[in-house]
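Participant: Below is the structure I would like to discuss, written out as structure tokens.
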Amino acid sequence: MPFPFRLFSVVALALLGGCVTVSDSPTQLLEVRAVLDYREIGGVGCILSNDAGRWYVVAPARVSVTRSATPLSVSCKKAGTAFAAEVVQSRFDADRLIGNLVIKAGYQQFADRHFTEGYGYPATLTVLMQPAQPAGQAPDQESAVASRMF
């Protein structure tokens, strides 16, 4: 084989090796962990939801969720101990975007935005639990101020 053909073959294989198509899985495996007072706690019931569905898990555990361009709501509770409510933003995979612009002139990005396989959530969700207040007791002012973020 002539040298230019070999060079072209190697470059083509290198570029095509990173291509991702819409045939990727529409689901994603997430690991859910719960933390209270800087320690991981177990037996925490969590509900994860987005526009594609709702999933239940007892943390720490793994759960398979359907990918979506919308945020993932996470609500966790451990009876009488702690609670949490968080929202995790989905993000578009930047590696796909670069490959799509070079190889497919953006077609894949268009398809991913429609079919949502190009979006994902962080692989590990660490939920920060808040201590539950005893029944009938109002939260004290000091802890309420200390939890604010500026």
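Identifiers for the structure tokens are assigned positionally: chains receive A, B, ... in sequence, residues are indexed from 1 per chain, and ligands are indexed from 1 in the order shown.
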Taking 5 positions as the minimum chain separation for residues in the same chain, which residues sit within 12 Å of Gly53 in chain A when counting only C-alpha atoms? Answer as number ranges by chain.

Facilitator: A: 27, 47-48, 64-68, 70-73

Participant: Would you list the contacts of Ala123 in chain A as an mmCIF file with N, CA and C atoms, in the first residue's frame, taking every protein, DNA or RNA residue within 8 Å and counting only C-alpha atoms, but skipping same-chain residues closer than 2 positions in sequence?

Facilitator:
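Okay, this is what ended up in selection.cif:
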```cif
data_model
loop_
_atom_site.group_PDB
_atom_site.id
_atom_site.type_symbol
_atom_site.label_atom_id
_atom_site.label_comp_id
_atom_site.auth_asym_id
_atom_site.auth_seq_id
_atom_site.Cartn_x
_atom_site.Cartn_y
_atom_site.Cartn_z
ATOM 1 N N LEU A 29 -26.785 4.272 34.922
ATOM 2 C CA LEU A 29 -26.661 3.714 36.261
ATOM 3 C C LEU A 29 -26.075 4.771 37.188
ATOM 4 N N LEU A 30 -26.789 5.077 38.269
ATOM 5 C CA LEU A 30 -26.349 6.075 39.244
ATOM 6 C C LEU A 30 -26.132 5.407 40.587
ATOM 7 N N GLU A 31 -25.150 5.896 41.318
ATOM 8 C CA GLU A 31 -24.920 5.441 42.685
ATOM 9 C C GLU A 31 -25.414 6.534 43.617
ATOM 10 N N TYR A 121 -26.415 12.413 34.051
ATOM 11 C CA TYR A 121 -26.271 12.961 35.391
ATOM 12 C C TYR A 121 -24.932 12.482 35.939
ATOM 13 N N LEU A 125 -24.344 10.284 43.134
ATOM 14 C CA LEU A 125 -25.132 11.353 43.746
ATOM 15 C C LEU A 125 -24.956 11.255 45.257
#
```

Participant: Which residue out of A:Ser75, A:Thr126, A:Thr81, A:Ser90 has the minimum interatomic distance to Gln28 in chain A when only C-alpha atoms are used?

Facilitator: A:Ser90

Participant: Kindly give the distance, in Å, that separates CA of Val74 in chain A and CA of Ile41 in chain A, rounded to a single decimal.

Facilitator: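 Going from CA of Val74 in chain A over to CA of Ile41 in chain A covers 16.2 Å.
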
Participant: Would you please work out which residue, of A:Cys46, A:Ala79, A:Ala34, A:Ala84, is nearest to Val58 in chain A when using only C-alpha atoms?

Facilitator: A:Cys46

Participant: Pick out the closest residue to Pro134 in chain A from this set: A:Gly80, A:Pro60, A:Gly42, A:Pro26. Count only C-alpha atoms.

Facilitator: A:Gly80
